[in-house]
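Undergrad: Structure supplied as data-v9.json; contents: JSON, N, CA and C atoms and all ligand atoms.
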```json
[["chain", "number", "residue", "atom", "x", "y", "z"],
["A", 28, "MET", "N", 0.83, -1.18, 0.00],
["A", 28, "MET", "CA", 0.00, 0.00, 0.00],
["A", 28, "MET", "C", 0.87, 1.25, 0.00],
["A", 29, "GLU", "N", 0.55, 2.14, -0.89],
["A", 29, "GLU", "CA", 1.27, 3.42, -0.91],
["A", 29, "GLU", "C", 0.53, 4.40, -0.02],
["A", 30, "TYR", "N", 1.22, 5.41, 0.43],
["A", 30, "TYR", "CA", 0.61, 6.40, 1.31],
["A", 30, "TYR", "C", 0.12, 7.63, 0.56],
["A", 31, "ILE", "N", 0.47, 7.73, -0.73],
["A", 31, "ILE", "CA", 0.02, 8.88, -1.51],
["A", 31, "ILE", "C", -0.03, 8.46, -2.98],
["A", 32, "SER", "N", -1.00, 9.01, -3.68],
["A", 32, "SER", "CA", -1.09, 8.67, -5.11],
["A", 32, "SER", "C", -0.02, 9.42, -5.89],
["A", 33, "LYS", "N", 0.32, 8.89, -7.04],
["A", 33, "LYS", "CA", 1.30, 9.57, -7.90],
["A", 33, "LYS", "C", 0.78, 10.94, -8.32],
["A", 34, "GLU", "N", -0.54, 11.03, -8.51],
["A", 34, "GLU", "CA", -1.13, 12.32, -8.91],
["A", 34, "GLU", "C", -0.97, 13.35, -7.79],
["A", 35, "ASP", "N", -1.26, 12.95, -6.56],
["A", 35, "ASP", "CA", -1.09, 13.88, -5.43],
["A", 35, "ASP", "C", 0.38, 14.24, -5.24],
["A", 36, "GLU", "N", 1.24, 13.24, -5.36],
["A", 36, "GLU", "CA", 2.68, 13.50, -5.22],
["A", 36, "GLU", "C", 3.13, 14.54, -6.25],
["A", 37, "GLN", "N", 2.69, 14.36, -7.46],
["A", 37, "GLN", "CA", 3.07, 15.30, -8.52],
["A", 37, "GLN", "C", 2.52, 16.69, -8.24],
["A", 38, "GLU", "N", 1.27, 16.75, -7.79],
["A", 38, "GLU", "CA", 0.65, 18.04, -7.47],
["A", 38, "GLU", "C", 1.44, 18.76, -6.38],
["A", 39, "ILE", "N", 1.84, 18.03, -5.37],
["A", 39, "ILE", "CA", 2.60, 18.64, -4.27],
["A", 39, "ILE", "C", 3.96, 19.11, -4.76],
["A", 40, "LEU", "N", 4.64, 18.27, -5.51],
["A", 40, "LEU", "CA", 5.95, 18.67, -6.03],
["A", 40, "LEU", "C", 5.85, 19.92, -6.89],
["A", 41, "GLU", "N", 4.81, 20.00, -7.70],
["A", 41, "GLU", "CA", 4.65, 21.15, -8.58],
["A", 41, "GLU", "C", 4.26, 22.41, -7.82],
["A", 42, "SER", "N", 3.80, 22.25, -6.59],
["A", 42, "SER", "CA", 3.44, 23.43, -5.79],
["A", 42, "SER", "C", 4.69, 24.14, -5.26],
["A", 43, "TYR", "N", 5.82, 23.44, -5.27],
["A", 43, "TYR", "CA", 7.06, 24.05, -4.80],
["A", 43, "TYR", "C", 7.72, 24.85, -5.92],
["A", 44, "GLU", "N", 8.38, 25.93, -5.54],
["A", 44, "GLU", "CA", 9.21, 26.67, -6.49],
["A", 44, "GLU", "C", 10.36, 25.75, -6.91],
["A", 45, "PRO", "N", 10.91, 25.96, -8.11],
["A", 45, "PRO", "CA", 11.92, 25.02, -8.62],
["A", 45, "PRO", "C", 13.08, 24.73, -7.67],
["A", 46, "LYS", "N", 13.62, 25.76, -7.04],
["A", 46, "LYS", "CA", 14.76, 25.53, -6.13],
["A", 46, "LYS", "C", 14.36, 24.67, -4.94],
["A", 47, "ARG", "N", 13.17, 24.98, -4.37],
["A", 47, "ARG", "CA", 12.71, 24.18, -3.22],
["A", 47, "ARG", "C", 12.31, 22.77, -3.68],
["A", 48, "ARG", "N", 11.75, 22.65, -4.87],
["A", 48, "ARG", "CA", 11.37, 21.33, -5.39],
["A", 48, "ARG", "C", 12.60, 20.43, -5.48],
["A", 49, "LYS", "N", 13.70, 21.00, -5.95],
["A", 49, "LYS", "CA", 14.94, 20.22, -6.05],
["A", 49, "LYS", "C", 15.39, 19.79, -4.65],
["A", 50, "HIS", "N", 15.33, 20.72, -3.70],
["A", 50, "HIS", "CA", 15.68, 20.40, -2.31],
["A", 50, "HIS", "C", 14.77, 19.28, -1.78],
["A", 51, "VAL", "N", 13.47, 19.40, -2.00],
["A", 51, "VAL", "CA", 12.53, 18.40, -1.48],
["A", 51, "VAL", "C", 12.81, 17.03, -2.10],
["A", 52, "LYS", "N", 13.08, 16.99, -3.39],
["A", 52, "LYS", "CA", 13.41, 15.70, -4.03],
["A", 52, "LYS", "C", 14.67, 15.10, -3.42],
["A", 53, "ASN", "N", 15.67, 15.95, -3.14],
["A", 53, "ASN", "CA", 16.90, 15.44, -2.51],
["A", 53, "ASN", "C", 16.61, 14.90, -1.12],
["A", 54, "VAL", "N", 15.76, 15.62, -0.38],
["A", 54, "VAL", "CA", 15.39, 15.16, 0.96],
["A", 54, "VAL", "C", 14.62, 13.84, 0.88],
["A", 55, "MET", "N", 13.76, 13.70, -0.13],
["A", 55, "MET", "CA", 13.00, 12.45, -0.30],
["A", 55, "MET", "C", 13.96, 11.29, -0.53],
["A", 56, "ASP", "N", 14.96, 11.49, -1.38],
["A", 56, "ASP", "CA", 15.94, 10.42, -1.63],
["A", 56, "ASP", "C", 16.70, 10.07, -0.36],
["A", 57, "LEU", "N", 17.14, 11.10, 0.35],
["A", 57, "LEU", "CA", 17.89, 10.86, 1.59],
["A", 57, "LEU", "C", 17.02, 10.18, 2.64],
["A", 58, "ALA", "N", 15.76, 10.61, 2.75],
["A", 58, "ALA", "CA", 14.85, 10.03, 3.74],
["A", 58, "ALA", "C", 14.65, 8.54, 3.49],
["A", 59, "VAL", "N", 14.50, 8.16, 2.23],
["A", 59, "VAL", "CA", 14.32, 6.75, 1.90],
["A", 59, "VAL", "C", 15.58, 5.96, 2.26],
["A", 60, "SER", "N", 16.74, 6.52, 1.93],
["A", 60, "SER", "CA", 18.00, 5.84, 2.26],
["A", 60, "SER", "C", 18.15, 5.65, 3.77],
["A", 61, "LEU", "N", 17.85, 6.70, 4.51],
["A", 61, "LEU", "CA", 17.97, 6.61, 5.97],
["A", 61, "LEU", "C", 16.96, 5.63, 6.55],
["A", 62, "ALA", "N", 15.74, 5.64, 6.01],
["A", 62, "ALA", "CA", 14.72, 4.70, 6.50],
["A", 62, "ALA", "C", 15.18, 3.26, 6.27],
["A", 63, "GLU", "N", 15.73, 2.99, 5.10],
["A", 63, "GLU", "CA", 16.20, 1.63, 4.81],
["A", 63, "GLU", "C", 17.37, 1.26, 5.73],
["A", 64, "GLN", "N", 18.24, 2.22, 5.97],
["A", 64, "GLN", "CA", 19.40, 1.98, 6.83],
["A", 64, "GLN", "C", 18.98, 1.68, 8.27],
["A", 65, "TYR", "N", 17.93, 2.35, 8.72],
["A", 65, "TYR", "CA", 17.52, 2.22, 10.13],
["A", 65, "TYR", "C", 16.24, 1.41, 10.31],
["A", 66, "ASN", "N", 15.91, 0.60, 9.31],
["A", 66, "ASN", "CA", 14.75, -0.30, 9.38],
["A", 66, "ASN", "C", 13.44, 0.43, 9.70],
["A", 67, "ALA", "N", 13.30, 1.60, 9.13],
["A", 67, "ALA", "CA", 12.02, 2.31, 9.21],
["A", 67, "ALA", "C", 11.29, 2.09, 7.88],
["A", 68, "ASP", "N", 10.05, 2.53, 7.81],
["A", 68, "ASP", "CA", 9.26, 2.34, 6.60],
["A", 68, "ASP", "C", 9.66, 3.41, 5.56],
["A", 69, "PRO", "N", 10.31, 3.02, 4.48],
["A", 69, "PRO", "CA", 10.75, 4.01, 3.50],
["A", 69, "PRO", "C", 9.59, 4.75, 2.84],
["A", 70, "ARG", "N", 8.41, 4.12, 2.79],
["A", 70, "ARG", "CA", 7.25, 4.80, 2.19],
["A", 70, "ARG", "C", 6.79, 5.96, 3.06],
["A", 71, "LYS", "N", 6.84, 5.76, 4.38],
["A", 71, "LYS", "CA", 6.48, 6.86, 5.29],
["A", 71, "LYS", "C", 7.52, 7.98, 5.21],
["A", 72, "ALA", "N", 8.78, 7.60, 5.17],
["A", 72, "ALA", "CA", 9.85, 8.59, 5.08],
["A", 72, "ALA", "C", 9.71, 9.40, 3.79],
["A", 73, "TYR", "N", 9.37, 8.73, 2.72],
["A", 73, "TYR", "CA", 9.19, 9.36, 1.41],
["A", 73, "TYR", "C", 8.10, 10.43, 1.47],
["A", 74, "VAL", "N", 6.97, 10.07, 2.04],
["A", 74, "VAL", "CA", 5.84, 11.01, 2.12],
["A", 74, "VAL", "C", 6.15, 12.14, 3.10],
["A", 75, "ALA", "N", 6.77, 11.82, 4.22],
["A", 75, "ALA", "CA", 7.13, 12.88, 5.19],
["A", 75, "ALA", "C", 8.06, 13.89, 4.54],
["A", 76, "ALA", "N", 9.02, 13.41, 3.79],
["A", 76, "ALA", "CA", 9.97, 14.31, 3.11],
["A", 76, "ALA", "C", 9.26, 15.12, 2.02],
["A", 77, "LEU", "N", 8.33, 14.50, 1.33],
["A", 77, "LEU", "CA", 7.56, 15.21, 0.30],
["A", 77, "LEU", "C", 6.85, 16.43, 0.89],
["A", 78, "PHE", "N", 6.28, 16.26, 2.07],
["A", 78, "PHE", "CA", 5.49, 17.32, 2.70],
["A", 78, "PHE", "C", 6.32, 18.27, 3.56],
["A", 79, "HIS", "N", 7.55, 17.95, 3.88],
["A", 79, "HIS", "CA", 8.23, 18.63, 4.99],
["A", 79, "HIS", "C", 8.33, 20.14, 4.84],
["A", 80, "ASP", "N", 8.36, 20.66, 3.62],
["A", 80, "ASP", "CA", 8.47, 22.12, 3.43],
["A", 80, "ASP", "C", 7.20, 22.72, 2.83],
["A", 81, "ILE", "N", 6.10, 21.99, 2.87],
["A", 81, "ILE", "CA", 4.88, 22.43, 2.20],
["A", 81, "ILE", "C", 4.35, 23.75, 2.78],
["A", 82, "ALA", "N", 4.65, 24.02, 4.05],
["A", 82, "ALA", "CA", 4.13, 25.24, 4.69],
["A", 82, "ALA", "C", 5.17, 26.36, 4.77],
["A", 83, "LYS", "N", 6.32, 26.15, 4.16],
["A", 83, "LYS", "CA", 7.44, 27.08, 4.32],
["A", 83, "LYS", "C", 7.11, 28.51, 3.87],
["A", 84, "GLU", "N", 6.24, 28.67, 2.91],
["A", 84, "GLU", "CA", 5.94, 30.01, 2.38],
["A", 84, "GLU", "C", 4.70, 30.63, 2.99],
["A", 85, "MET", "N", 4.07, 29.95, 3.94],
["A", 85, "MET", "CA", 2.87, 30.50, 4.58],
["A", 85, "MET", "C", 3.24, 31.70, 5.45],
["A", 86, "GLU", "N", 2.28, 32.61, 5.62],
["A", 86, "GLU", "CA", 2.45, 33.71, 6.56],
["A", 86, "GLU", "C", 2.34, 33.14, 7.99],
["A", 87, "ILE", "N", 3.07, 33.77, 8.90],
["A", 87, "ILE", "CA", 3.08, 33.28, 10.28],
["A", 87, "ILE", "C", 1.67, 33.25, 10.87],
["A", 88, "LYS", "N", 0.88, 34.30, 10.59],
["A", 88, "LYS", "CA", -0.48, 34.33, 11.16],
["A", 88, "LYS", "C", -1.32, 33.17, 10.63],
["A", 89, "ASP", "N", -1.10, 32.79, 9.37],
["A", 89, "ASP", "CA", -1.83, 31.66, 8.81],
["A", 89, "ASP", "C", -1.34, 30.33, 9.39],
["A", 90, "MET", "N", -0.04, 30.26, 9.66],
["A", 90, "MET", "CA", 0.50, 29.06, 10.31],
["A", 90, "MET", "C", -0.13, 28.88, 11.69],
["A", 91, "VAL", "N", -0.16, 29.96, 12.45],
["A", 91, "VAL", "CA", -0.72, 29.89, 13.80],
["A", 91, "VAL", "C", -2.19, 29.50, 13.73],
["A", 92, "ALA", "N", -2.93, 30.10, 12.79],
["A", 92, "ALA", "CA", -4.36, 29.79, 12.65],
["A", 92, "ALA", "C", -4.57, 28.32, 12.28],
["A", 93, "LEU", "N", -3.76, 27.82, 11.35],
["A", 93, "LEU", "CA", -3.87, 26.41, 10.96],
["A", 93, "LEU", "C", -3.63, 25.50, 12.15],
["A", 94, "LEU", "N", -2.57, 25.78, 12.87],
["A", 94, "LEU", "CA", -2.25, 24.93, 14.03],
["A", 94, "LEU", "C", -3.34, 25.00, 15.09],
["A", 95, "GLU", "N", -3.80, 26.21, 15.37],
["A", 95, "GLU", "CA", -4.82, 26.35, 16.41],
["A", 95, "GLU", "C", -6.13, 25.70, 16.00],
["A", 96, "SER", "N", -6.43, 25.72, 14.70],
["A", 96, "SER", "CA", -7.65, 25.05, 14.23],
["A", 96, "SER", "C", -7.54, 23.53, 14.37],
["A", 97, "SER", "N", -6.31, 23.06, 14.52],
["A", 97, "SER", "CA", -6.08, 21.62, 14.73],
["A", 97, "SER", "C", -5.83, 21.30, 16.19],
["A", 98, "GLY", "N", -6.02, 22.30, 17.06],
["A", 98, "GLY", "CA", -5.85, 22.06, 18.49],
["A", 98, "GLY", "C", -4.41, 22.12, 18.95],
["A", 99, "ILE", "N", -3.55, 22.71, 18.12],
["A", 99, "ILE", "CA", -2.13, 22.81, 18.48],
["A", 99, "ILE", "C", -1.82, 24.27, 18.82],
["A", 100, "PHE", "N", -1.45, 24.50, 20.06],
["A", 100, "PHE", "CA", -1.17, 25.87, 20.52],
["A", 100, "PHE", "C", 0.31, 25.98, 20.87],
["A", 101, "ILE", "N", 0.97, 26.92, 20.22],
["A", 101, "ILE", "CA", 2.41, 27.09, 20.41],
["A", 101, "ILE", "C", 2.64, 28.49, 20.98],
["A", 102, "GLU", "N", 3.47, 28.57, 22.01],
["A", 102, "GLU", "CA", 3.72, 29.86, 22.68],
["A", 102, "GLU", "C", 4.23, 30.89, 21.68],
["A", 103, "ARG", "N", 3.82, 32.14, 21.91],
["A", 103, "ARG", "CA", 4.12, 33.23, 20.99],
["A", 103, "ARG", "C", 5.62, 33.37, 20.71],
["A", 104, "GLU", "N", 6.43, 33.10, 21.69],
["A", 104, "GLU", "CA", 7.88, 33.27, 21.50],
["A", 104, "GLU", "C", 8.42, 32.31, 20.42],
["A", 105, "TYR", "N", 7.66, 31.29, 20.08],
["A", 105, "TYR", "CA", 8.09, 30.33, 19.05],
["A", 105, "TYR", "C", 7.37, 30.56, 17.72],
["A", 106, "HIS", "N", 6.69, 31.68, 17.58],
["A", 106, "HIS", "CA", 5.97, 31.98, 16.35],
["A", 106, "HIS", "C", 6.94, 32.53, 15.30],
["A", 107, "ASN", "N", 7.67, 31.65, 14.69],
["A", 107, "ASN", "CA", 8.52, 32.02, 13.54],
["A", 107, "ASN", "C", 8.49, 30.88, 12.54],
["A", 108, "LYS", "N", 8.79, 31.21, 11.31],
["A", 108, "LYS", "CA", 8.63, 30.24, 10.22],
["A", 108, "LYS", "C", 9.48, 28.99, 10.40],
["A", 109, "ASN", "N", 10.69, 29.18, 10.91],
["A", 109, "ASN", "CA", 11.59, 28.02, 11.04],
["A", 109, "ASN", "C", 11.03, 26.98, 12.00],
["A", 110, "ILE", "N", 10.32, 27.44, 13.00],
["A", 110, "ILE", "CA", 9.74, 26.49, 13.96],
["A", 110, "ILE", "C", 8.37, 26.00, 13.49],
["A", 111, "LEU", "N", 7.52, 26.91, 13.01],
["A", 111, "LEU", "CA", 6.13, 26.55, 12.73],
["A", 111, "LEU", "C", 5.93, 25.75, 11.44],
["A", 112, "HIS", "N", 6.84, 25.85, 10.49],
["A", 112, "HIS", "CA", 6.57, 25.18, 9.21],
["A", 112, "HIS", "C", 6.52, 23.66, 9.34],
["A", 113, "GLY", "N", 7.25, 23.13, 10.29],
["A", 113, "GLY", "CA", 7.24, 21.67, 10.47],
["A", 113, "GLY", "C", 5.90, 21.15, 10.96],
["A", 114, "PRO", "N", 5.41, 21.66, 12.10],
["A", 114, "PRO", "CA", 4.10, 21.19, 12.55],
["A", 114, "PRO", "C", 2.98, 21.51, 11.56],
["A", 115, "CYS", "N", 3.09, 22.66, 10.87],
["A", 115, "CYS", "CA", 2.07, 22.97, 9.84],
["A", 115, "CYS", "C", 2.10, 21.93, 8.73],
["A", 116, "ALA", "N", 3.28, 21.53, 8.32],
["A", 116, "ALA", "CA", 3.39, 20.52, 7.27],
["A", 116, "ALA", "C", 2.74, 19.21, 7.71],
["A", 117, "ALA", "N", 2.92, 18.88, 8.98],
["A", 117, "ALA", "CA", 2.31, 17.65, 9.51],
["A", 117, "ALA", "C", 0.79, 17.73, 9.46],
["A", 118, "VAL", "N", 0.25, 18.90, 9.82],
["A", 118, "VAL", "CA", -1.22, 19.07, 9.78],
["A", 118, "VAL", "C", -1.71, 18.94, 8.33],
["A", 119, "ILE", "N", -1.01, 19.60, 7.41],
["A", 119, "ILE", "CA", -1.43, 19.55, 5.99],
["A", 119, "ILE", "C", -1.34, 18.11, 5.47],
["A", 120, "ALA", "N", -0.27, 17.42, 5.82],
["A", 120, "ALA", "CA", -0.11, 16.03, 5.35],
["A", 120, "ALA", "C", -1.24, 15.15, 5.87],
["A", 121, "CYS", "N", -1.61, 15.36, 7.12],
["A", 121, "CYS", "CA", -2.69, 14.55, 7.70],
["A", 121, "CYS", "C", -4.03, 14.81, 7.03],
["A", 122, "GLU", "N", -4.21, 16.02, 6.52],
["A", 122, "GLU", "CA", -5.47, 16.37, 5.86],
["A", 122, "GLU", "C", -5.52, 15.90, 4.41],
["A", 123, "TYR", "N", -4.38, 15.46, 3.87],
["A", 123, "TYR", "CA", -4.33, 15.07, 2.46],
["A", 123, "TYR", "C", -5.03, 13.75, 2.23],
["B", 201, "FE", "FE", 13.58, 21.53, 3.86]]
```
Would you encode the structure as structure tokens?
TA:
Amino acid sequence: MEYISKEDEQEILESYEPKRRKHVKNVMDLAVSLAEQYNADPRKAYVAALFHDIAKEMEIKDMVALLESSGIFIEREYHNKNILHGPCAAVIACEY
């Protein structure tokens, strides 16, 4: 069983700007290699890497709203893109 369709994977990849898309593809390759090395599920690693930067370009206020709508409350001092994009990506991936 795959965790994402090829069509959805392609749609997500195309949503990234070219430079970030290249980065995400490299992370996907590395994630699969690491998963195989450490006996984790490479399919999960592949999908996690696909989504990992999906929220990187969101506005901070939208990140906070997304997280709070999912019941995730993060202290204001941590409201910056470098911290919030990860949990936002997880929320988006779960909704896919
Ligand atoms: Fe990244």
Undergrad: For ligand FE 201 (chain B), collect every residue having any atom at a distance of at most 7 Å from a ligand atom (counting only C-alpha atoms and all ligand atoms); output as a VMD selection string.
TA: chain A and resid 50 to 51 79 to 80
Undergrad: Go ahead and compute the interatomic distance for atom C of Ile87 of chain A and atom N of Asn53 of chain A, in Å to one decimal.
TA: 26.3 Å
Undergrad: For Met85 of chain A, which residue out of A:Arg103, A:Lys46, A:Lys33, A:His112 is the nearest one, using only C-alpha atoms?
TA: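 Looking at the shortest contact to Met85 of chain A, the residue is A:His112.
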Undergrad: Atom CA of Phe78 of chain A and atom CA of Lys49 of chain A, how far apart in Å?
TA: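 Result for atom CA of Lys49 of chain A versus atom CA of Phe78 of chain A: 13.2 Å, one decimal.
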Undergrad: What's the 12 Å shell around Leu111 of chain A, counting only C-alpha atoms, without same-chain residues fewer than 3 positions away, as a ChimeraX atom specification?
TA: /A:79-95,99-108,114-118
Undergrad: Which of chain A end up as helix (DSSP H, G or I) when DSSP is run on this backbone - answer as a ChimeraX atom specification?
TA: /A:33-42,45-64,69-78,87-96,103-105,108-122
Undergrad: When distances are computed from only C-alpha atoms, which of A:Arg48, A:Leu57, A:Val74, A:Ile110 shows the smallest separation from Glu36 of chain A?
TA: A:Val74
Undergrad: Smallest atom-to-atom distance to Val54 of chain A: which of A:Ile119, A:Glu38, A:Tyr73, A:Ile31, using only C-alpha atoms?
TA: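 The answer is A:Tyr73, which sits nearest to Val54 of chain A.
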Undergrad: Using only N, CA and C atoms, can you tell me which of A:Ala58, A:Glu34, A:Asn109, A:Ala120 comes closest to Arg70 of chain A?
TA: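 Answer, going by the shortest atom-to-atom distance: A:Ala58.
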Undergrad: If I take atom CA of Tyr123 of chain A and atom N of Leu77 of chain A, how far is one from the other in Å, to one decimal?
TA: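 Going from atom CA of Tyr123 of chain A over to atom N of Leu77 of chain A, I get 12.7 Å.
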